[in-house]
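J.: Here it is, the structure in full.
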Amino acid sequence: MNVIRFIMQNHAQVLELTLEHLWLVGVSTAFAMLIGIPLGVVISHRPRLNKPVLAGANIIQTIPSLALFGFLLPVPWLGERSDRLAILALTLYALLPIIRNTHTGICGVDPAVVEAGRGMGLTESQLLFQVELPLAVSVILSGVRVAVVISVGLATIAAAIGAGGLGEFIFRGLAMVDDRVILAGAIPAAILALAADLGVGWLERRLRPR
Amino acid sequence: MQSGHESPVIEFHDVSYRVDGTQVLADLSLQVASGETLVLLGRSGSGKTTTLKLINRLVSPTSGEILVNGVPNGQGDIIRLRRGIGYVIQDAGLFPHFTVERNIGLVPRIESWPARKIRARAQELMQLVGLPPEMASRYPHQLSGGQRQRVGVARALAADPAILLMDEPFAALDPLTRDELQREFLLLQQRLHKTVVFVTHDLREALRLGSRIALMEAGKLVTVLSPKEFLKSKDRWAEAYVRAFGDGLESAADRGSS
C-alpha cells in the first residue's frame with residue numbers, strides 16, 4: 001500500500017508530528033481536568049451556579065473551532081506561540097464533558113452515604129476526597145474520555161494556525177491533492193483517538209468502585 | 001451542685017424547626033438520661049428523624065437549644081461533637097467503596113489512630129456484633145442486609161461514643177433478621193450502657209427496645225411513656241397505635257428491664 005510506504009519513508013516526521021499532537025492533547029486535557037473537575041464539584045454543591053457554568057461551557061462548544069483559533073490569534077501573549085493558542089482552545093473545548101460528568105458523578109452519589117459520613121464527623125473536604133470523588137471517579141473519567149477523543153480530532157485543525165501536530169500532513173495533503181499525505185496524518189490521529197479511548201476506558205473500569 | 005450522673009445527656013429546650021415555611025418541629029422539650037434507650041415513635045413526617053438529626057447537628061434548629069452533655073451543641077466544634085456520637089441509619093449508609101474493616105475503622109482513621117490499633121478495634125467490634133472475621137475484606141454489596149446493618153452498628157461504636165443515634169436501623173430487614181438484631185441490640189445495650197436515641201415507626205420495636213417511648217405526631221411531642229405505661233395509656237394517639245398493632249404487644253413490652 002502506498003500510504004504505508006509513505007509513512008515508512010517519512011517515519012521520523014510522522015513520529016515527530018504524533019508527539020506534537022500528543023503534547024497538544026495531553027496538556028490541554030490536563031488543564032481541562034484541573035479546571036473542569038473543581039468547577040464540576042463546585043456546581044454540584046452550589047446548584048445555583050449549575051446552569052450558568054454549564055451554559056457557558058456549552059456556548060464555547062458551539063463556536064466553530066477554526067473561528068476560535070482565529071479569534072485567539074491577536075491575543076498578546078497567546079498569539080506569540082501558536083501551540084499556546086491551540087492548547088487554550090483545546091482546553092476550552094474539553095471543559096464541557098469534564099464539568100458535566102463531574103457534576104453528574106457527584107450528584108449520583110447516594111445522599112444517604114454522604115449524610116452518614118457527615119453524621120459520623122467527616123469534614124466537608126474528607127467527604128469530598130474520601131467519599132464523593134472516589135464514588136464519582138468512573139463517571140468523571142468517562143467525561144475525560146469523551147474530551148480526549150474530541151481533542152485528538154480537533155487538534156488536527158490546530159495545524160491551520162501553525163501549531164503543528166498531525167494536522168500538518170492533512171493540510172499539506174489537501175494542498176497537494178495527495179491522499180497518501182492526508183492519510184499519513186489521519187491514520188495516526190485515528191489510532192491515537194482509539195488508543196486514548198481504550199486507555200481511559202481501561203482506567204475507568206479499574207477505578208470504578210465495587 | 002448536681003452530680004454528673006443525674007444530669008441528662010441530651011436536652012431539648014423549646015426547639016422548633018421550620019423549613020420553607022413548613023413547621024417540621026414545634027416547641028420540643030425533651031430530656032434523655034444517661035444509659036437509657038429513648039425511642040422516638042411516630043409515622044413518617046412526624047418529625048422524629050429531624051429530632052435525631054438536631055442532636056448531631058445535621059439539622060440546625062430555627063429556635064430553641066439542644067444541650068449535649070450540658071453544652072449547647074451549636075457552640076464549638078461540630079465535627080468534634082459528631083465524632084463523639086455514633087450514628088446508624090437505615091440500610092446502614094456504608095461506604096460502598098470501603099471494605100467492612102475500613103468502614104468500621106472510619107472514625108478511628110480520621111481521628112488518626114495508629115493502623116494497628118484500628119485493625120484490632122475493627123476485629124473486636126466485628127466479634128461484638130457477631131460478624132465472622134473473614135468478612136473484614138468484603139465489600140458492603142457482598143453482604144446481606146442484616147450483615148450490613150451489623151457493620152453499621154460496629155462503625156458507629158468504633159470510637160466508643162457515649163451516645164448512639166439510630167434512625168430506623170432495622171426497618172429494611174426481613175422479620176427474622178430484625179428479630180435477631182433487636183435481641184442482640186438488647187444484649188449489647190446491657191453490656192455497653194450507651195445513651196441511645198432510637199427512631200422507629202414500629203410500636204412493637206419501640207416497646208421491646210425502649211426504656212421510654214417519646215410519641216410524636218405532626219411535629220409535636222405527644223407524650224413520653226415507659227413501654228408498660230404506653231400500653232395502658234388513654235392518650236388518643238397512643239391508643240391509636242396500640243389498636244393498629246393489635247394483639248401480643250404485652251410480651252414485647254415485658255422484657256423485665258422496666
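Simple scheme: letters A, B, ... for chains in C-alpha cells order, numbers from 1 for residues in each chain, numbers from 1 for ligands in the order shown.
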Starting from chain B, keep only residues with some atom at most 8 Å from an atom of chain A, counting only C-alpha atoms, and report them as a list in words.
T.: Asn56, Leu58, Ile78, Ile79, Arg80, Leu81, Arg82, Arg83, Ile85, Gly86, Tyr87, Val88, Ile89, Gly93, Leu94, Phe95, Pro96, His97, Val107, Ile110, Tyr139, His141 and Ala156 of chain B
J.: Which polymer residues have any atom within 12 Å of an atom of B:Ala171, counting only C-alpha atoms, with same-chain residues fewer than 4 positions away left out, as a VMD selection string?
T.: chain B and resid 88 to 92 145 to 146 149 166 to 167 175 to 179 181 to 182 198 to 206
J.: Do you have, as CSV, the list of residues of stretch 125-201 of chain A lying at most 10 Å from stretch 33-42 of chain A, each with its nearest atom pair and that distance in Å to one decimal, counting only C-alpha atoms and ordered by chain then number?
T.:
```
residue,atom,partner,partner_atom,distance
A:Leu128,CA,A:Val41,CA,8.6
A:Glu132,CA,A:Val41,CA,9.2
A:Leu133,CA,A:Val41,CA,8.8
A:Ile140,CA,A:Ile37,CA,7.9
A:Leu141,CA,A:Met33,CA,9.7
A:Gly143,CA,A:Met33,CA,9.8
A:Val144,CA,A:Met33,CA,7.6
A:Ala147,CA,A:Met33,CA,9.6
```
J.: Those residues with N, CA, C and O atoms, as a CSV table (one decimal), in the first residue's frame please?
T.:
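Once written, again-v7.csv looks like this:
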```csv
chain,number,residue,atom,x,y,z
A,128,LEU,N,-15.5,15.0,50.4
A,128,LEU,CA,-15.2,15.1,49.0
A,128,LEU,C,-14.2,14.1,48.5
A,128,LEU,O,-14.4,13.4,47.6
A,132,GLU,N,-17.1,11.4,47.9
A,132,GLU,CA,-17.8,11.8,46.7
A,132,GLU,C,-16.9,11.5,45.5
A,132,GLU,O,-17.3,10.9,44.5
A,133,LEU,N,-15.6,12.0,45.5
A,133,LEU,CA,-14.8,11.8,44.3
A,133,LEU,C,-14.5,10.3,44.0
A,133,LEU,O,-14.6,9.9,42.9
A,140,ILE,N,-16.6,10.6,36.1
A,140,ILE,CA,-15.7,11.7,35.7
A,140,ILE,C,-14.8,11.3,34.6
A,140,ILE,O,-14.6,12.0,33.6
A,141,LEU,N,-14.2,10.1,34.7
A,141,LEU,CA,-13.3,9.6,33.7
A,141,LEU,C,-13.9,9.4,32.4
A,141,LEU,O,-13.3,9.5,31.3
A,143,GLY,N,-16.2,11.2,31.2
A,143,GLY,CA,-16.2,12.6,30.6
A,143,GLY,C,-14.8,12.9,30.0
A,143,GLY,O,-14.7,13.5,29.0
A,144,VAL,N,-13.8,12.5,30.8
A,144,VAL,CA,-12.4,12.8,30.3
A,144,VAL,C,-12.2,12.1,29.0
A,144,VAL,O,-11.6,12.6,28.0
A,147,ALA,N,-13.7,13.9,26.2
A,147,ALA,CA,-12.9,15.1,26.0
A,147,ALA,C,-11.6,14.7,25.2
A,147,ALA,O,-11.3,15.5,24.2
```
J.: If we count only C-alpha atoms, what is near stretch 44-50 of chain B at a cut-off of 8 Å, once residues fewer than 3 positions away on the same chain are taken out, given as a JSON list (two decimals) with C-alpha atoms, in the first residue's frame?
T.:
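So the final result, stored in result.json, reads:
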```json
[["chain", "number", "residue", "atom", "x", "y", "z"],
["B", 24, "VAL", "CA", -41.41, 20.43, 60.88],
["B", 25, "LEU", "CA", -40.98, 20.53, 64.62],
["B", 40, "LEU", "CA", -38.85, 8.30, 69.10],
["B", 41, "LEU", "CA", -42.01, 6.73, 67.76],
["B", 53, "LYS", "CA", -30.54, 14.98, 63.32],
["B", 54, "LEU", "CA", -30.84, 18.00, 65.59],
["B", 59, "VAL", "CA", -30.04, 19.98, 61.18],
["B", 167, "ASP", "CA", -32.53, 6.10, 62.60],
["B", 199, "VAL", "CA", -36.16, 6.27, 65.76],
["B", 201, "HIS", "CA", -42.40, 3.71, 63.36],
["B", 216, "MET", "CA", -44.52, 12.17, 68.06],
["B", 217, "GLU", "CA", -47.23, 13.35, 65.74],
["B", 218, "ALA", "CA", -47.17, 16.16, 63.17],
["B", 219, "GLY", "CA", -44.03, 17.80, 64.51],
["B", 220, "LYS", "CA", -45.13, 17.72, 68.13]]
```
J.: Hey, what's within 6 Å of stretch 179-184 of chain A if we count only C-alpha atoms and toss same-chain stuff fewer than 6 positions away? As a PyMOL selection string, please?
T.: chain A and resi 3+7+169-170+173
J.: Give me the residues within 12 Å of B:Gly248 as an MDAnalysis selection string, counting only C-alpha atoms and dropping any in the same chain fewer than 3 places off.
T.: chainID B and resid 203:204 207:208 231 242:245 251:254
J.: Pull N, CA, C and O atoms from the residues just selected and write them as a PDB file, in the first residue's frame.
T.:
```
ATOM      1  N   LEU B 203     -44.280   0.095  66.621  1.00  0.00           N
ATOM      2  CA  LEU B 203     -44.583   0.100  68.049  1.00  0.00           C
ATOM      3  C   LEU B 203     -43.979  -1.114  68.760  1.00  0.00           C
ATOM      4  O   LEU B 203     -43.464  -1.029  69.866  1.00  0.00           O
ATOM      5  N   ARG B 204     -44.032  -2.261  68.090  1.00  0.00           N
ATOM      6  CA  ARG B 204     -43.504  -3.478  68.687  1.00  0.00           C
ATOM      7  C   ARG B 204     -42.007  -3.314  69.018  1.00  0.00           C
ATOM      8  O   ARG B 204     -41.546  -3.665  70.099  1.00  0.00           O
ATOM      9  N   LEU B 207     -41.591  -0.864  71.956  1.00  0.00           N
ATOM     10  CA  LEU B 207     -41.888  -1.479  73.257  1.00  0.00           C
ATOM     11  C   LEU B 207     -40.753  -2.390  73.691  1.00  0.00           C
ATOM     12  O   LEU B 207     -40.402  -2.473  74.862  1.00  0.00           O
ATOM     13  N   ARG B 208     -40.187  -3.060  72.711  1.00  0.00           N
ATOM     14  CA  ARG B 208     -39.178  -4.053  73.027  1.00  0.00           C
ATOM     15  C   ARG B 208     -37.838  -3.412  73.412  1.00  0.00           C
ATOM     16  O   ARG B 208     -37.173  -3.853  74.339  1.00  0.00           O
ATOM     17  N   LEU B 231     -48.882   0.994  76.919  1.00  0.00           N
ATOM     18  CA  LEU B 231     -49.959   0.058  76.602  1.00  0.00           C
ATOM     19  C   LEU B 231     -51.254   0.408  77.329  1.00  0.00           C
ATOM     20  O   LEU B 231     -52.340   0.125  76.846  1.00  0.00           O
ATOM     21  N   VAL B 242     -51.666   1.416  69.611  1.00  0.00           N
ATOM     22  CA  VAL B 242     -51.879   0.091  70.196  1.00  0.00           C
ATOM     23  C   VAL B 242     -52.939  -0.667  69.398  1.00  0.00           C
ATOM     24  O   VAL B 242     -52.785  -1.849  69.085  1.00  0.00           O
ATOM     25  N   ARG B 243     -53.978   0.059  69.015  1.00  0.00           N
ATOM     26  CA  ARG B 243     -55.039  -0.568  68.236  1.00  0.00           C
ATOM     27  C   ARG B 243     -54.505  -1.058  66.880  1.00  0.00           C
ATOM     28  O   ARG B 243     -54.745  -2.165  66.455  1.00  0.00           O
ATOM     29  N   ALA B 244     -53.701  -0.199  66.233  1.00  0.00           N
ATOM     30  CA  ALA B 244     -53.196  -0.535  64.902  1.00  0.00           C
ATOM     31  C   ALA B 244     -52.290  -1.756  64.932  1.00  0.00           C
ATOM     32  O   ALA B 244     -52.238  -2.533  63.977  1.00  0.00           O
ATOM     33  N   PHE B 245     -51.565  -1.931  66.019  1.00  0.00           N
ATOM     34  CA  PHE B 245     -50.616  -3.046  66.062  1.00  0.00           C
ATOM     35  C   PHE B 245     -51.225  -4.320  66.627  1.00  0.00           C
ATOM     36  O   PHE B 245     -50.625  -5.383  66.561  1.00  0.00           O
ATOM     37  N   SER B 251     -46.119  -8.902  75.472  1.00  0.00           N
ATOM     38  CA  SER B 251     -44.886  -9.685  75.551  1.00  0.00           C
ATOM     39  C   SER B 251     -43.688  -8.866  75.061  1.00  0.00           C
ATOM     40  O   SER B 251     -42.576  -9.016  75.548  1.00  0.00           O
ATOM     41  N   ALA B 252     -43.935  -7.964  74.093  1.00  0.00           N
ATOM     42  CA  ALA B 252     -42.846  -7.131  73.601  1.00  0.00           C
ATOM     43  C   ALA B 252     -42.382  -6.163  74.692  1.00  0.00           C
ATOM     44  O   ALA B 252     -41.191  -5.918  74.868  1.00  0.00           O
ATOM     45  N   ALA B 253     -43.355  -5.635  75.439  1.00  0.00           N
ATOM     46  CA  ALA B 253     -43.008  -4.655  76.476  1.00  0.00           C
ATOM     47  C   ALA B 253     -42.398  -5.333  77.697  1.00  0.00           C
ATOM     48  O   ALA B 253     -41.703  -4.707  78.484  1.00  0.00           O
ATOM     49  N   ASP B 254     -42.680  -6.620  77.836  1.00  0.00           N
ATOM     50  CA  ASP B 254     -42.280  -7.329  79.047  1.00  0.00           C
ATOM     51  C   ASP B 254     -40.920  -7.978  78.875  1.00  0.00           C
ATOM     52  O   ASP B 254     -40.789  -9.153  78.596  1.00  0.00           O
TER      53      ASP B 254
END
```
J.: Can you tell me, as a ChimeraX atom specification, what residues are no more than 10 Å from stretch 122-136 of chain B when counting only C-alpha atoms, ignoring any on the same chain fewer than 2 positions away?
T.: /B:99-106,108,116-120,138-140,142-143,147-155,157-158,181,184-185,188
J.: Write to file, as a compact mmCIF listing (two decimals), in the first residue's frame, the residues of the selection just made, with N, CA and C atoms.
T.:
```
# COMPACT_ATOMS: atom_id res chain seq x y z
N THR B 99 -13.97 -1.54 52.32
CA THR B 99 -14.23 -2.88 52.85
C THR B 99 -14.92 -2.74 54.21
N VAL B 100 -15.41 -3.86 54.71
CA VAL B 100 -16.06 -3.88 56.03
C VAL B 100 -15.11 -3.30 57.08
N GLU B 101 -13.86 -3.77 57.04
CA GLU B 101 -12.91 -3.31 58.04
C GLU B 101 -12.68 -1.80 57.96
N ARG B 102 -12.58 -1.30 56.73
CA ARG B 102 -12.33 0.12 56.57
C ARG B 102 -13.55 0.95 56.95
N ASN B 103 -14.73 0.41 56.66
CA ASN B 103 -15.95 1.09 57.09
C ASN B 103 -16.00 1.21 58.61
N ILE B 104 -15.71 0.11 59.28
CA ILE B 104 -15.77 0.13 60.74
C ILE B 104 -14.71 1.08 61.30
N GLY B 105 -13.54 1.09 60.65
CA GLY B 105 -12.43 1.92 61.16
C GLY B 105 -12.50 3.37 60.73
N LEU B 106 -13.64 3.78 60.15
CA LEU B 106 -13.72 5.14 59.59
C LEU B 106 -13.37 6.24 60.59
N PRO B 108 -12.04 6.06 63.73
CA PRO B 108 -10.66 5.95 64.24
C PRO B 108 -9.63 6.44 63.22
N ARG B 116 -2.42 -0.22 63.59
CA ARG B 116 -2.59 -1.49 64.31
C ARG B 116 -3.76 -1.46 65.27
N LYS B 117 -3.90 -0.31 65.90
CA LYS B 117 -4.99 -0.14 66.87
C LYS B 117 -6.35 -0.14 66.15
N ILE B 118 -6.39 0.46 64.96
CA ILE B 118 -7.63 0.50 64.19
C ILE B 118 -8.05 -0.92 63.81
N ARG B 119 -7.06 -1.67 63.35
CA ARG B 119 -7.30 -3.05 62.92
C ARG B 119 -7.83 -3.89 64.09
N ALA B 120 -7.16 -3.74 65.23
CA ALA B 120 -7.55 -4.51 66.41
C ALA B 120 -8.96 -4.13 66.84
N ARG B 138 -14.52 -8.02 52.90
CA ARG B 138 -15.64 -7.95 51.95
C ARG B 138 -16.09 -6.50 51.76
N TYR B 139 -16.82 -6.31 50.64
CA TYR B 139 -17.42 -5.00 50.39
C TYR B 139 -18.91 -5.06 50.74
N PRO B 140 -19.50 -3.91 51.08
CA PRO B 140 -20.90 -3.90 51.50
C PRO B 140 -21.85 -4.65 50.56
N GLN B 142 -21.44 -7.20 49.02
CA GLN B 142 -21.31 -8.66 49.12
C GLN B 142 -21.97 -9.19 50.40
N LEU B 143 -22.59 -8.29 51.16
CA LEU B 143 -23.18 -8.71 52.44
C LEU B 143 -24.70 -8.74 52.34
N GLN B 147 -26.24 -8.28 57.73
CA GLN B 147 -24.79 -8.12 57.94
C GLN B 147 -24.38 -6.66 57.77
N ARG B 148 -24.96 -6.02 56.76
CA ARG B 148 -24.64 -4.61 56.55
C ARG B 148 -25.01 -3.79 57.78
N GLN B 149 -26.17 -4.10 58.34
CA GLN B 149 -26.63 -3.34 59.50
C GLN B 149 -25.72 -3.59 60.71
N ARG B 150 -25.21 -4.81 60.82
CA ARG B 150 -24.24 -5.09 61.90
C ARG B 150 -22.99 -4.25 61.70
N VAL B 151 -22.55 -4.15 60.45
CA VAL B 151 -21.38 -3.32 60.18
C VAL B 151 -21.68 -1.87 60.55
N GLY B 152 -22.90 -1.43 60.22
CA GLY B 152 -23.31 -0.07 60.54
C GLY B 152 -23.22 0.20 62.04
N VAL B 153 -23.67 -0.77 62.84
CA VAL B 153 -23.62 -0.62 64.29
C VAL B 153 -22.17 -0.62 64.77
N ALA B 154 -21.37 -1.54 64.21
CA ALA B 154 -19.96 -1.61 64.59
C ALA B 154 -19.25 -0.30 64.26
N ARG B 155 -19.56 0.26 63.09
CA ARG B 155 -18.93 1.51 62.68
C ARG B 155 -19.28 2.63 63.66
N LEU B 157 -19.98 2.35 66.74
CA LEU B 157 -19.39 2.13 68.06
C LEU B 157 -17.87 2.30 68.06
N ALA B 158 -17.28 2.45 66.88
CA ALA B 158 -15.82 2.32 66.74
C ALA B 158 -15.03 3.19 67.71
N LEU B 181 -31.60 -9.08 65.30
CA LEU B 181 -30.81 -7.88 65.59
C LEU B 181 -31.36 -7.11 66.79
N GLU B 184 -30.11 -8.89 69.79
CA GLU B 184 -28.69 -8.60 70.01
C GLU B 184 -28.46 -7.17 70.49
N PHE B 185 -29.32 -6.28 70.00
CA PHE B 185 -29.21 -4.89 70.45
C PHE B 185 -29.41 -4.81 71.96
N LEU B 188 -26.40 -6.19 73.74
CA LEU B 188 -25.30 -5.25 73.60
C LEU B 188 -25.49 -4.07 74.55
```
J.: Report, in Å with one decimal, the straight-line distance from atom CA of B:Lys232 to atom CA of B:Arg43.
T.: 20.3 Å
J.: Near B:Asp235, counting only C-alpha atoms, which residues have an atom at most 12 Å away, once you skip same-chain residues fewer than 4 positions from it, shown as a ChimeraX atom specification?
T.: /B:215,222-225,229-231,239-243
J.: Those residues you just picked out, can you put them in a file as an mmCIF file, in the first residue's frame with C-alpha atoms?
T.:
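Contents of the output file selection32.cif:
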```cif
data_model
loop_
_atom_site.group_PDB
_atom_site.id
_atom_site.type_symbol
_atom_site.label_atom_id
_atom_site.label_comp_id
_atom_site.auth_asym_id
_atom_site.auth_seq_id
_atom_site.Cartn_x
_atom_site.Cartn_y
_atom_site.Cartn_z
ATOM 1 C CA LEU B 215 -44.537 9.542 70.785
ATOM 2 C CA VAL B 222 -47.397 13.932 72.205
ATOM 3 C CA THR B 223 -46.201 12.140 75.305
ATOM 4 C CA VAL B 224 -43.253 10.274 76.827
ATOM 5 C CA LEU B 225 -44.087 6.967 78.481
ATOM 6 C CA GLU B 229 -47.450 2.839 80.596
ATOM 7 C CA PHE B 230 -47.759 3.143 76.846
ATOM 8 C CA LEU B 231 -49.959 0.058 76.602
ATOM 9 C CA GLU B 239 -54.338 4.200 71.846
ATOM 10 C CA ALA B 240 -54.437 4.508 68.079
ATOM 11 C CA TYR B 241 -51.000 2.938 67.863
ATOM 12 C CA VAL B 242 -51.879 0.091 70.196
ATOM 13 C CA ARG B 243 -55.039 -0.568 68.236
#
```
J.: Which of stretch 47-197 of chain B end up as helix (DSSP H, G or I) when DSSP is run on this backbone - answer as JSON, numbers by chain?
T.: {"B": [48, 49, 50, 51, 52, 53, 54, 55, 78, 79, 80, 81, 82, 83, 100, 101, 102, 103, 104, 106, 107, 108, 109, 110, 115, 116, 117, 118, 119, 120, 121, 122, 123, 124, 125, 126, 127, 128, 133, 134, 135, 136, 137, 140, 141, 142, 145, 146, 147, 148, 149, 150, 151, 152, 153, 154, 155, 156, 157, 175, 176, 177, 178, 179, 180, 181, 182, 183, 184, 185, 186, 187, 188, 189, 190, 191, 192]}
